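Q: File query.txt follows (compact mmCIF, C-alpha atoms (C1' of nucleotides)):
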# COMPACT_ATOMS: atom_id res chain seq x y z
CA MET A 23 71.91 102.46 140.77
CA VAL A 24 71.02 98.94 139.86
CA ASP A 25 68.67 99.48 136.97
CA ASP A 26 70.26 102.47 135.29
CA GLU A 27 71.25 100.46 132.25
CA LYS A 28 69.61 101.87 129.19
CA PRO A 29 67.97 99.57 126.68
CA MET A 30 70.34 100.86 124.00
CA SER A 31 73.47 99.93 125.92
CA LEU A 32 74.11 96.83 123.85
CA THR A 33 73.94 98.81 120.66
CA ARG A 34 76.19 101.47 122.11
CA ALA A 35 78.80 98.96 123.19
CA GLU A 36 78.53 97.18 119.88
CA ARG A 37 79.00 100.38 117.91
CA ARG A 38 81.94 101.32 120.03
CA ARG A 39 83.49 97.93 119.52
CA ARG A 40 83.06 98.13 115.77
CA SER A 41 84.46 101.62 115.34
CA GLU A 42 87.39 100.70 117.56
CA ALA A 43 88.11 97.64 115.45
CA SER A 44 87.93 99.57 112.19
CA ILE A 45 90.20 102.28 113.57
CA LEU A 46 92.69 99.68 114.70
CA GLY A 47 92.63 98.00 111.31
CA ALA A 48 93.13 101.25 109.45
CA ALA A 49 95.97 102.22 111.79
CA ARG A 50 97.72 98.90 111.20
CA GLU A 51 97.45 99.30 107.44
CA LEU A 52 98.90 102.78 107.39
CA LEU A 53 101.60 101.97 109.92
CA ALA A 54 102.60 98.98 107.82
CA GLU A 55 102.71 101.06 104.65
CA ARG A 56 104.30 104.28 105.85
CA GLY A 57 105.65 103.85 109.35
CA PHE A 58 104.85 105.80 112.49
CA GLU A 59 106.00 109.29 111.52
CA ARG A 60 104.19 109.46 108.20
CA THR A 61 101.00 108.01 109.63
CA THR A 62 98.60 110.75 110.78
CA ILE A 63 95.53 110.63 112.96
CA ARG A 64 93.60 112.24 110.14
CA GLY A 65 94.76 109.62 107.70
CA VAL A 66 93.74 106.79 110.02
CA ALA A 67 90.32 108.35 110.56
CA GLU A 68 89.76 108.80 106.85
CA ARG A 69 90.62 105.21 106.00
CA ALA A 70 88.47 103.95 108.86
CA GLY A 71 85.59 106.15 107.77
CA VAL A 72 85.27 107.92 111.12
CA ASP A 73 85.93 111.34 112.54
CA PRO A 74 89.49 112.25 113.53
CA ALA A 75 88.34 113.26 116.99
CA LEU A 76 86.91 109.81 117.48
CA VAL A 77 90.35 108.28 117.11
CA MET A 78 91.67 110.39 119.96
CA GLN A 79 88.57 109.68 122.02
CA HIS A 80 89.24 105.95 121.80
CA PHE A 81 92.99 105.80 122.13
CA GLY A 82 94.12 109.00 123.82
CA THR A 83 97.41 109.69 122.07
CA LYS A 84 99.08 108.68 118.84
CA ASP A 85 101.62 106.65 120.78
CA ASP A 86 98.86 104.76 122.55
CA LEU A 87 97.24 104.05 119.19
CA PHE A 88 100.54 102.66 117.94
CA ALA A 89 100.91 100.54 121.04
CA ALA A 90 97.42 99.13 120.55
CA ALA A 91 97.86 98.50 116.82
CA ALA A 92 101.38 97.08 117.07
CA THR A 93 100.91 94.58 119.84
CA TRP A 94 102.68 91.60 118.35
CA SER A 95 102.50 88.39 120.31
CA VAL A 96 105.12 86.23 118.70
CA PRO A 97 104.06 82.57 118.59
CA ILE A 98 107.29 80.83 119.51
CA HIS A 99 105.79 77.42 120.22
CA GLY A 100 106.94 76.30 116.79
CA LEU A 101 110.50 77.13 117.79
CA LEU A 102 110.24 75.65 121.25
CA GLY A 103 109.03 72.28 119.98
CA ALA A 104 111.85 71.85 117.49
CA GLY A 105 114.99 69.83 117.97
CA ARG A 106 118.32 70.94 116.58
CA GLU A 107 117.76 69.30 113.19
CA ASP A 108 114.33 70.90 112.79
CA LEU A 109 115.41 74.33 113.96
CA PRO A 110 116.28 75.88 110.58
CA HIS A 111 113.06 74.56 109.09
CA ALA A 112 111.06 75.83 112.05
CA ALA A 113 112.72 79.24 111.94
CA ILE A 114 111.97 79.73 108.25
CA GLU A 115 108.40 78.57 108.68
CA HIS A 116 108.15 80.93 111.61
CA VAL A 117 108.76 84.05 109.56
CA LEU A 118 107.00 82.94 106.39
CA ASP A 119 103.88 82.05 108.34
CA ALA A 120 103.83 85.42 110.03
CA PHE A 121 104.03 87.29 106.74
CA GLU A 122 101.73 85.14 104.67
CA ASP A 123 98.87 85.12 107.12
CA PRO A 124 97.00 88.35 106.24
CA GLU A 125 96.05 88.82 109.86
CA LEU A 126 99.56 88.60 111.28
CA ARG A 127 101.27 90.33 108.40
CA GLY A 128 99.71 93.69 109.19
CA THR A 129 101.04 93.90 112.71
CA ALA A 130 104.36 92.37 111.77
CA GLU A 131 104.92 94.95 109.06
CA ALA A 132 103.65 97.75 111.27
CA VAL A 133 106.22 96.95 113.93
CA LEU A 134 109.13 96.26 111.59
CA ARG A 135 108.48 99.31 109.42
CA SER A 136 109.07 101.67 112.32
CA CYS A 137 111.61 99.71 114.33
CA LEU A 138 114.57 101.77 113.11
CA THR A 139 113.03 105.17 113.76
CA HIS A 140 110.47 104.80 116.53
CA PRO A 141 111.99 103.94 119.92
CA ALA A 142 109.00 101.94 121.11
CA ALA A 143 108.97 99.83 117.96
CA GLY A 144 112.71 99.27 118.27
CA THR A 145 112.29 98.04 121.81
CA ILE A 146 109.53 95.64 120.76
CA VAL A 147 111.71 94.11 118.06
CA ARG A 148 114.84 93.99 120.19
CA GLU A 149 113.30 92.62 123.36
CA GLN A 150 110.10 90.84 122.40
CA VAL A 151 110.47 89.59 118.83
CA LEU A 152 114.19 88.85 118.72
CA GLY A 153 114.57 88.38 122.45
CA SER A 154 111.95 85.72 122.99
CA ALA A 155 113.00 83.79 119.90
CA GLN A 156 116.64 84.00 120.93
CA ALA A 157 115.91 82.62 124.38
CA ALA A 158 113.78 79.82 122.94
CA VAL A 159 116.43 78.82 120.43
CA ALA A 160 119.55 79.20 122.55
CA THR A 161 118.69 76.37 124.93
CA THR A 162 118.14 73.83 122.16
CA ILE A 163 121.36 74.87 120.46
CA GLY A 164 123.50 74.57 123.58
CA GLY A 165 127.24 74.93 123.81
CA PRO A 166 129.36 77.97 124.62
CA ASP A 167 128.23 80.04 121.64
CA ALA A 168 124.54 79.26 122.01
CA GLU A 169 123.46 82.85 122.57
CA LEU A 170 125.55 84.14 119.69
CA ARG A 171 124.33 81.46 117.31
CA ALA A 172 120.73 82.09 118.28
CA ALA A 173 121.17 85.82 117.81
CA LEU A 174 122.73 85.32 114.39
CA LEU A 175 119.94 82.97 113.38
CA ASN A 176 117.51 85.72 114.29
CA ALA A 177 119.51 88.35 112.46
CA CYS A 178 119.42 86.30 109.27
CA THR A 179 115.68 85.71 109.42
CA LEU A 180 115.19 89.38 110.26
CA GLY A 181 117.23 90.34 107.23
CA LEU A 182 115.20 87.98 105.09
CA SER A 183 111.93 89.45 106.35
CA ILE A 184 113.04 93.00 105.72
CA ALA A 185 114.55 92.34 102.31
CA ARG A 186 111.68 90.19 101.08
CA TYR A 187 108.60 91.85 102.51
CA LEU A 188 109.51 95.43 103.40
CA LEU A 189 112.11 96.34 100.79
CA ALA A 190 110.73 93.94 98.18
CA VAL A 191 114.13 92.98 96.80
CA PRO A 192 113.23 91.35 93.46
CA ALA A 193 115.27 88.16 93.77
CA LEU A 194 113.74 87.45 97.18
CA ALA A 195 110.20 88.74 96.79
CA ASP A 196 109.50 86.47 93.83
CA VAL A 197 110.92 83.16 95.03
CA ASP A 198 108.59 80.59 96.55
CA ARG A 199 108.77 78.83 99.90
CA ALA A 200 110.28 75.61 98.66
CA ASP A 201 113.27 77.24 96.98
CA LEU A 202 113.78 79.47 99.96
CA GLU A 203 113.94 76.57 102.36
CA ARG A 204 116.08 74.47 100.07
CA VAL A 205 118.76 77.14 99.71
CA LEU A 206 118.63 78.84 103.11
CA GLY A 207 118.05 75.70 105.16
CA PRO A 208 121.60 74.28 105.02
CA ALA A 209 123.07 77.66 105.84
CA LEU A 210 121.01 78.04 108.98
CA GLN A 211 121.82 74.43 109.83
CA ALA A 212 125.52 75.31 109.78
CA LEU A 213 124.73 78.19 112.09
CA VAL A 214 122.95 75.95 114.56
CA ASP A 215 125.41 73.06 114.60
CA PRO A 216 128.47 73.74 116.76
CA THR A 217 131.38 72.22 114.92
CA MET B 22 134.31 140.17 82.14
CA VAL B 23 137.73 138.68 82.48
CA ASP B 24 138.97 140.38 85.59
CA ASP B 25 135.83 140.59 87.63
CA GLU B 26 137.15 138.18 90.22
CA LYS B 27 137.27 139.83 93.60
CA PRO B 28 140.34 139.47 95.79
CA MET B 29 138.17 137.94 98.55
CA SER B 30 136.79 135.21 96.32
CA LEU B 31 139.11 132.59 97.73
CA THR B 32 137.97 133.36 101.24
CA ARG B 33 134.37 133.33 100.17
CA ALA B 34 134.70 130.01 98.41
CA GLU B 35 136.61 128.61 101.32
CA ARG B 36 134.03 129.73 103.84
CA ARG B 37 131.30 128.28 101.69
CA ARG B 38 133.14 125.00 101.40
CA ARG B 39 133.61 124.80 105.16
CA SER B 40 130.05 125.62 106.11
CA GLU B 41 128.80 123.16 103.52
CA ALA B 42 131.01 120.45 104.94
CA SER B 43 129.93 121.12 108.51
CA ILE B 44 126.27 121.14 107.49
CA LEU B 45 126.72 117.86 105.66
CA GLY B 46 128.44 116.31 108.67
CA ALA B 47 125.74 117.46 111.06
CA ALA B 48 123.03 116.19 108.72
CA ARG B 49 124.68 112.78 108.51
CA GLU B 50 124.89 112.54 112.29
CA LEU B 51 121.27 113.39 112.88
CA LEU B 52 120.03 111.24 110.00
CA ALA B 53 122.00 108.33 111.42
CA GLU B 54 120.60 108.87 114.90
CA ARG B 55 116.97 109.69 114.20
CA GLY B 56 116.14 109.02 110.57
CA PHE B 57 114.75 111.34 107.96
CA GLU B 58 111.39 112.32 109.45
CA ARG B 59 112.70 113.20 112.90
CA THR B 60 115.63 115.15 111.51
CA THR B 61 114.80 118.84 111.13
CA ILE B 62 116.52 121.62 109.24
CA ARG B 63 116.65 123.54 112.51
CA GLY B 64 118.34 120.64 114.25
CA VAL B 65 120.95 120.30 111.52
CA ALA B 66 121.68 124.01 111.57
CA GLU B 67 122.03 124.03 115.35
CA ARG B 68 124.47 121.13 115.40
CA ALA B 69 126.46 122.63 112.55
CA GLY B 70 126.54 126.00 114.28
CA VAL B 71 124.99 127.88 111.39
CA ASP B 72 121.70 129.55 110.60
CA PRO B 73 118.75 127.41 109.47
CA ALA B 74 118.30 129.57 106.37
CA LEU B 75 121.84 128.82 105.37
CA VAL B 76 121.05 125.14 105.14
CA MET B 77 118.29 125.82 102.66
CA GLN B 78 120.52 128.23 100.76
CA HIS B 79 123.08 125.50 100.21
CA PHE B 80 120.91 122.49 99.53
CA GLY B 81 117.52 123.75 98.38
CA THR B 82 115.18 121.25 99.99
CA LYS B 83 115.29 118.77 102.79
CA ASP B 84 115.18 115.92 100.31
CA ASP B 85 118.16 117.33 98.45
CA LEU B 86 120.04 117.60 101.72
CA PHE B 87 119.28 113.95 102.38
CA ALA B 88 120.43 112.99 98.91
CA ALA B 89 123.70 114.84 99.44
CA ALA B 90 124.31 113.45 102.93
CA ALA B 91 123.32 109.90 102.11
CA THR B 92 125.32 109.33 98.97
CA TRP B 93 126.79 105.94 99.71
CA SER B 94 129.28 104.61 97.25
CA VAL B 95 129.61 100.99 98.20
CA PRO B 96 133.17 99.70 97.71
CA ILE B 97 132.53 96.30 96.22
CA HIS B 98 136.06 95.66 95.01
CA GLY B 99 136.60 93.44 98.06
CA LEU B 100 133.72 91.29 96.89
CA LEU B 101 134.75 91.27 93.25
CA GLY B 102 138.27 90.07 93.99
CA ALA B 103 137.16 87.12 96.08
CA GLY B 104 136.83 83.53 94.94
CA ARG B 105 134.09 81.29 96.20
CA GLU B 106 136.04 80.17 99.25
CA ASP B 107 136.84 83.72 100.26
CA LEU B 108 133.36 85.06 99.64
CA PRO B 109 131.94 84.64 103.16
CA HIS B 110 135.03 86.16 104.68
CA ALA B 111 134.96 89.04 102.21
CA ALA B 112 131.26 89.66 102.80
CA ILE B 113 131.66 89.85 106.56
CA GLU B 114 134.69 92.12 106.24
CA HIS B 115 132.68 94.20 103.83
CA VAL B 116 130.01 95.12 106.38
CA LEU B 117 132.27 95.30 109.41
CA ASP B 118 134.65 97.64 107.65
CA ALA B 119 131.82 99.93 106.62
CA PHE B 120 130.54 100.24 110.16
CA GLU B 121 133.82 100.47 111.99
CA ASP B 122 135.31 103.18 109.86
CA PRO B 123 133.96 106.35 111.48
CA GLU B 124 133.80 108.04 108.09
CA LEU B 125 131.73 105.39 106.36
CA ARG B 126 129.60 104.51 109.35
CA GLY B 127 127.80 107.82 109.35
CA THR B 128 126.50 107.53 105.82
CA ALA B 129 125.82 103.82 106.15
CA GLU B 130 123.68 104.38 109.24
CA ALA B 131 122.01 107.41 107.71
CA VAL B 132 120.86 105.39 104.72
CA LEU B 133 119.89 102.26 106.62
CA ARG B 134 118.06 104.12 109.37
CA SER B 135 115.55 105.56 106.92
CA CYS B 136 115.41 102.78 104.35
CA LEU B 137 112.11 101.39 105.65
CA THR B 138 110.26 104.69 105.81
CA HIS B 139 111.82 107.02 103.23
CA PRO B 140 111.27 105.94 99.63
CA ALA B 141 114.54 107.37 98.36
CA ALA B 142 116.53 105.61 101.06
CA GLY B 143 114.71 102.36 100.30
CA THR B 144 115.63 102.65 96.65
CA ILE B 145 119.27 103.27 97.49
CA VAL B 146 119.45 100.16 99.65
CA ARG B 147 117.48 97.99 97.24
CA GLU B 148 119.21 99.00 94.05
CA GLN B 149 122.62 100.36 94.95
CA VAL B 150 123.71 98.69 98.17
CA LEU B 151 122.11 95.28 97.79
CA GLY B 152 121.90 95.39 94.02
CA SER B 153 125.54 96.03 93.27
CA ALA B 154 126.73 93.52 95.83
CA GLN B 155 124.31 90.94 94.49
CA ALA B 156 125.52 91.36 90.93
CA ALA B 157 129.13 91.18 92.05
CA VAL B 158 128.59 88.03 94.06
CA ALA B 159 126.22 86.16 91.76
CA THR B 160 128.77 85.63 89.00
CA THR B 161 131.38 84.11 91.28
CA ILE B 162 128.76 81.85 92.84
CA GLY B 163 127.45 80.54 89.55
CA GLY B 164 124.90 77.80 89.02
CA PRO B 165 121.15 78.02 88.59
CA ASP B 166 120.44 79.57 92.00
CA ALA B 167 123.24 82.13 91.82
CA GLU B 168 120.97 85.17 92.04
CA LEU B 169 118.95 83.71 94.89
CA ARG B 170 122.04 82.69 96.85
CA ALA B 171 123.60 86.10 96.36
CA ALA B 172 120.41 87.82 97.46
CA LEU B 173 120.20 85.64 100.57
CA LEU B 174 123.83 86.33 101.39
CA ASN B 175 123.00 90.02 101.22
CA ALA B 176 119.88 89.60 103.32
CA CYS B 177 121.88 87.90 106.08
CA THR B 178 124.56 90.57 106.18
CA LEU B 179 121.85 93.24 106.07
CA GLY B 180 120.15 91.60 109.03
CA LEU B 181 123.45 91.46 110.88
CA SER B 182 124.12 95.14 110.22
CA ILE B 183 120.68 96.20 111.39
CA ALA B 184 120.62 93.99 114.46
CA ARG B 185 124.19 94.81 115.53
CA TYR B 186 124.57 98.47 114.72
CA LEU B 187 121.08 99.99 114.44
CA LEU B 188 119.06 97.96 116.91
CA ALA B 189 122.03 97.18 119.15
CA VAL B 190 120.89 93.69 120.01
CA PRO B 191 123.05 92.84 123.06
CA ALA B 192 124.32 89.43 121.97
CA LEU B 193 125.49 90.87 118.64
CA ALA B 194 126.62 94.36 119.60
CA ASP B 195 129.13 93.04 122.15
CA VAL B 196 130.79 90.24 120.21
CA ASP B 197 134.09 90.87 118.46
CA ARG B 198 135.05 90.35 114.85
CA ALA B 199 136.84 87.05 115.32
CA ASP B 200 133.91 85.31 116.99
CA LEU B 201 131.53 86.73 114.44
CA GLU B 202 133.54 85.38 111.54
CA ARG B 203 134.15 82.03 113.19
CA VAL B 204 130.44 81.39 113.79
CA LEU B 205 128.86 83.08 110.80
CA GLY B 206 131.51 82.11 108.26
CA PRO B 207 130.53 78.45 107.81
CA ALA B 208 126.87 79.38 107.50
CA LEU B 209 127.53 81.82 104.69
CA GLN B 210 129.83 79.25 103.11
CA ALA B 211 126.92 76.80 102.98
CA LEU B 212 124.88 79.53 101.33
CA VAL B 213 127.52 80.09 98.68
CA ASP B 214 128.33 76.49 97.87
CA PRO B 215 125.76 74.86 95.60
CA THR B 216 125.35 71.31 96.84
C1' DG C 29 127.35 135.03 102.06
C1' DT C 30 124.71 135.28 106.26
C1' DC C 31 120.87 136.23 109.14
C1' DT C 32 116.07 138.28 110.61
C1' DA C 33 111.52 137.86 109.99
C1' DT C 34 107.75 135.65 108.43
C1' DA C 35 104.52 133.19 105.27
C1' DT C 36 102.19 128.88 104.86
C1' DC C 37 101.05 124.48 106.01
C1' DT C 38 100.40 120.36 108.84
C1' DT C 39 100.46 118.10 112.92
C1' DG C 40 98.48 116.23 117.55
C1' DA C 41 95.28 117.44 120.78
C1' DT C 42 91.15 119.80 123.13
C1' DA C 43 86.65 122.10 124.17
C1' DG C 44 82.01 122.11 123.67
C1' DA C 45 77.59 121.72 120.94
C1' DC C 46 74.27 118.21 119.94
C1' DG D 12 78.88 108.77 121.45
C1' DT D 13 79.89 111.74 117.51
C1' DC D 14 81.17 115.85 115.11
C1' DT D 15 82.42 121.05 114.45
C1' DA D 16 85.61 124.27 115.35
C1' DT D 17 89.82 125.52 116.90
C1' DC D 18 94.21 125.82 119.50
C1' DA D 19 99.19 125.69 119.99
C1' DA D 20 103.32 123.95 118.32
C1' DG D 21 106.38 122.74 114.92
C1' DA D 22 107.69 122.06 110.26
C1' DT D 23 109.60 123.67 105.50
C1' DA D 24 110.43 127.29 102.74
C1' DT D 25 110.95 132.22 101.15
C1' DA D 26 111.80 137.30 100.89
C1' DG D 27 114.67 140.78 101.81
C1' DA D 28 117.93 143.53 104.87
C1' DC D 29 122.76 143.85 105.66
Produce structure tokens that represent the structure in this file.
A:
Amino acid sequence: MVDDEKPMSLTRAERRRRSEASILGAARELLAERGFERTTIRGVAERAGVDPALVMQHFGTKDDLFAAAATWSVPIHGLLGAGREDLPHAAIEHVLDAFEDPELRGTAEAVLRSCLTHPAAGTIVREQVLGSAQAAVATTIGGPDAELRAALLNACTLGLSIARYLLAVPALADVDRADLERVLGPALQALVDPT
Amino acid sequence: MVDDEKPMSLTRAERRRRSEASILGAARELLAERGFERTTIRGVAERAGVDPALVMQHFGTKDDLFAAAATWSVPIHGLLGAGREDLPHAAIEHVLDAFEDPELRGTAEAVLRSCLTHPAAGTIVREQVLGSAQAAVATTIGGPDAELRAALLNACTLGLSIARYLLAVPALADVDRADLERVLGPALQALVDPT
DNA sequence: GTCTATATCTTGATAGAC
DNA sequence: GTCTATCAAGATATAGAC
């Protein structure tokens, strides 16, 4: 019982870890490009360079694979640390950082791409992504309309993310950070300041 | 050749017109609820109360059915007639009207629901919905950033539509028109006014 | 014009050899 | 641990009877 570990166990665990990581990466790419419905187990396996059956062996079902690939832990510390004057700036940075970091962008796109058609993805966006940011922002805004203002702030940044990165609207996809902040900043400021 | 019209032709044409309309209505409903991939010909036929083969007979392919059901002629005259001070108000009315008219809402949701996963729907939103509104708004905005400001105005209203009507974010789905305009209006005004 | 029957393909998932 | 072979279900689309 004690010494039944085989000498190859490290290699076995290592191989498993690697194939799991490559499967997860391939799944994220395809989910980001095509969404949940058009992403197939076979397609994921092919891009990962493994056998289709191996994907099922590791993750059980397609939904479980999605859940594993689309786990998006939103870093809201940037929003929490901001005062009311910094909030627009922080919010814009928040989304631009997520989509310009190659690591984060995959999962962010994977979740957003399917959020209108896949119930699980919709719940993630509604409750985790928008929900946590809304709660973090509402307290620093304050006032009677705090929740509404926070929700609208989120809606605008969500619209920007979708239009710029997922739909690739020309006028938004091409513009650089500085112009974006310069033009959008005052608008979000008006949203945050209760007049 | 001249008199080969049958006496029943009116009935036949009428029946065809009716079944086509009911198929189109059922397709719009399901497309709005589930999106393109999860909408099946069988499901459309069942909801319309007709035979699945009849759907194909009328529309040829599933993509053609989508094209017919998701033809969204955006009424931008409200945006064209507005001056710079009225633009935020007109823009908000523009989206709220579309989603609160039961007739328009179906097609609007059908297009938006699939715009991230179905290429044709994405093109419609990018070029027709956002494109036409952007062109209409950019000229009244004027200045060097006109296109960018118009695109951002569109992105914000798109985000509002998605969050409120498709994702049903609580804080946005429950609020009424007046509050929405009161809070969002000044923000969009700041977006429109070049400072 | 409408429906029955079916062809053809693709999907997610499983069983078992090695 | 990995792959071959395959199942069962569901999809679009078509052919032909009525």
Q: Record the distance separating atom C1' of DA41 of chain C and atom CA of Lys84 of chain A, expressed in Å with one decimal.
A: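 Computed distance, atom C1' of DA41 of chain C to atom CA of Lys84 of chain A, equals 9.7 Å.
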Q: Would you list the contacts of DT30 of chain C as a list of chain:residue names, taking every protein, DNA or RNA residue within 10 Å and counting all atoms listed in the file, but skipping same-chain residues closer than 2 positions in sequence?
A: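 The contact residues come out as B:Val71, B:Asp72, B:Ala74, B:Leu75, B:Gln78, D:DC29.
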Q: Compute the set of chain C residues within 12 Å of chain B, using only C-alpha atoms (C1' of nucleotides), and express it as a PyMOL selection string.
A: chain C and resi 29-33
Q: Hey, list the chain D side of the contact with chain A: 12 Å cut-off, only C-alpha atoms (C1' of nucleotides), answer as a ChimeraX atom specification.
A: /D:12-16
Q: Write down, as a ChimeraX atom specification, each residue of chain A that has any atom within 8 Å of an atom of chain B, counting only C-alpha atoms.
A: /A:56-57,59-60,135-136,138-139,144,148,169-171,173-174,177-182,184-185,188-191,193-194,205-206,208-213
Q: To one decimal place in Å, what is the distance between atom CA of Gln149 of chain B and atom CA of Gly127 of chain B?
A: 17.0 Å
Q: Just the number, please: distance in Å from atom CA of Val116 of chain B to atom CA of Pro110 of chain A, one decimal.
A: 24.0 Å
Q: Which polymer residues, whether protein, DNA or RNA, lie within 10 Å of the coordinate (133.9, 81.4, 90.2) when you count all atoms listed in the file? List them as a compact mmCIF listing (two decimals) with C-alpha atoms, in the coordinates of the input, using the chain letters and numbers from the file.
A:
# COMPACT_ATOMS: atom_id res chain seq x y z
CA ALA B 103 137.16 87.12 96.08
CA GLY B 104 136.83 83.53 94.94
CA ARG B 105 134.09 81.29 96.20
CA GLU B 106 136.04 80.17 99.25
CA VAL B 158 128.59 88.03 94.06
CA ALA B 159 126.22 86.16 91.76
CA THR B 160 128.77 85.63 89.00
CA THR B 161 131.38 84.11 91.28
CA ILE B 162 128.76 81.85 92.84
CA GLY B 163 127.45 80.54 89.55
CA GLY B 164 124.90 77.80 89.02
Q: Quick one: what's the axis-aligned box for segment 174-179 of chain B, all listed atoms, 8 Å on every side, centre and edges in Å to one decimal, as AutoDock Vina command-line options?
A:
--center_x 122.2 --center_y 89.8 --center_z 103.7 --size_x 20.7 --size_y 22.9 --size_z 21.0
Q: Because some atoms of segment 95-110 of chain A are absent here, can you restore N, CA, C and O atoms and send them as a PDB file, in the coordinates of the input?
A:
ATOM      1  N   SER A  95     102.171  89.543 119.470  1.00  0.00           N
ATOM      2  CA  SER A  95     102.500  88.390 120.310  1.00  0.00           C
ATOM      3  C   SER A  95     103.101  87.308 119.426  1.00  0.00           C
ATOM      4  O   SER A  95     102.425  86.680 118.632  1.00  0.00           O
ATOM      5  N   VAL A  96     104.402  87.153 119.564  1.00  0.00           N
ATOM      6  CA  VAL A  96     105.120  86.230 118.700  1.00  0.00           C
ATOM      7  C   VAL A  96     104.847  84.790 119.130  1.00  0.00           C
ATOM      8  O   VAL A  96     105.091  84.433 120.283  1.00  0.00           O
ATOM      9  N   PRO A  97     104.325  83.966 118.239  1.00  0.00           N
ATOM     10  CA  PRO A  97     104.060  82.570 118.590  1.00  0.00           C
ATOM     11  C   PRO A  97     105.325  81.730 118.464  1.00  0.00           C
ATOM     12  O   PRO A  97     105.676  81.279 117.373  1.00  0.00           O
ATOM     13  N   ILE A  98     105.999  81.531 119.576  1.00  0.00           N
ATOM     14  CA  ILE A  98     107.290  80.830 119.510  1.00  0.00           C
ATOM     15  C   ILE A  98     107.168  79.342 119.789  1.00  0.00           C
ATOM     16  O   ILE A  98     108.173  78.636 119.889  1.00  0.00           O
ATOM     17  N   HIS A  99     105.935  78.853 119.905  1.00  0.00           N
ATOM     18  CA  HIS A  99     105.790  77.420 120.220  1.00  0.00           C
ATOM     19  C   HIS A  99     106.395  76.557 119.112  1.00  0.00           C
ATOM     20  O   HIS A  99     106.905  75.483 119.369  1.00  0.00           O
ATOM     21  N   GLY A 100     106.339  77.050 117.884  1.00  0.00           N
ATOM     22  CA  GLY A 100     106.940  76.300 116.790  1.00  0.00           C
ATOM     23  C   GLY A 100     108.444  76.161 116.960  1.00  0.00           C
ATOM     24  O   GLY A 100     109.040  75.162 116.566  1.00  0.00           O
ATOM     25  N   LEU A 101     109.060  77.185 117.564  1.00  0.00           N
ATOM     26  CA  LEU A 101     110.500  77.130 117.790  1.00  0.00           C
ATOM     27  C   LEU A 101     110.836  76.285 119.016  1.00  0.00           C
ATOM     28  O   LEU A 101     111.839  75.580 119.046  1.00  0.00           O
ATOM     29  N   LEU A 102     109.973  76.376 120.021  1.00  0.00           N
ATOM     30  CA  LEU A 102     110.240  75.650 121.250  1.00  0.00           C
ATOM     31  C   LEU A 102     110.146  74.136 121.044  1.00  0.00           C
ATOM     32  O   LEU A 102     110.885  73.368 121.654  1.00  0.00           O
ATOM     33  N   GLY A 103     109.240  73.701 120.175  1.00  0.00           N
ATOM     34  CA  GLY A 103     109.030  72.280 119.980  1.00  0.00           C
ATOM     35  C   GLY A 103     110.043  71.614 119.069  1.00  0.00           C
ATOM     36  O   GLY A 103     110.013  70.398 118.893  1.00  0.00           O
ATOM     37  N   ALA A 104     110.932  72.398 118.483  1.00  0.00           N
ATOM     38  CA  ALA A 104     111.850  71.850 117.490  1.00  0.00           C
ATOM     39  C   ALA A 104     113.160  71.379 118.106  1.00  0.00           C
ATOM     40  O   ALA A 104     113.683  72.021 119.021  1.00  0.00           O
ATOM     41  N   GLY A 105     113.659  70.275 117.596  1.00  0.00           N
ATOM     42  CA  GLY A 105     114.990  69.830 117.970  1.00  0.00           C
ATOM     43  C   GLY A 105     116.024  70.543 117.120  1.00  0.00           C
ATOM     44  O   GLY A 105     115.686  71.403 116.300  1.00  0.00           O
ATOM     45  N   ARG A 106     117.310  70.178 117.292  1.00  0.00           N
ATOM     46  CA  ARG A 106     118.320  70.940 116.580  1.00  0.00           C
ATOM     47  C   ARG A 106     118.259  70.720 115.072  1.00  0.00           C
ATOM     48  O   ARG A 106     118.575  71.619 114.289  1.00  0.00           O
ATOM     49  N   GLU A 107     117.847  69.534 114.633  1.00  0.00           N
ATOM     50  CA  GLU A 107     117.760  69.300 113.190  1.00  0.00           C
ATOM     51  C   GLU A 107     116.588  70.042 112.566  1.00  0.00           C
ATOM     52  O   GLU A 107     116.632  70.421 111.399  1.00  0.00           O
ATOM     53  N   ASP A 108     115.517  70.236 113.348  1.00  0.00           N
ATOM     54  CA  ASP A 108     114.330  70.900 112.790  1.00  0.00           C
ATOM     55  C   ASP A 108     114.405  72.414 112.911  1.00  0.00           C
ATOM     56  O   ASP A 108     113.569  73.119 112.354  1.00  0.00           O
ATOM     57  N   LEU A 109     115.382  72.909 113.638  1.00  0.00           N
ATOM     58  CA  LEU A 109     115.410  74.330 113.960  1.00  0.00           C
ATOM     59  C   LEU A 109     115.431  75.237 112.735  1.00  0.00           C
ATOM     60  O   LEU A 109     114.643  76.190 112.665  1.00  0.00           O
ATOM     61  N   PRO A 110     116.288  75.006 111.764  1.00  0.00           N
ATOM     62  CA  PRO A 110     116.280  75.880 110.580  1.00  0.00           C
ATOM     63  C   PRO A 110     114.917  75.866 109.903  1.00  0.00           C
ATOM     64  O   PRO A 110     114.369  76.924 109.584  1.00  0.00           O
TER      65      PRO A 110
END
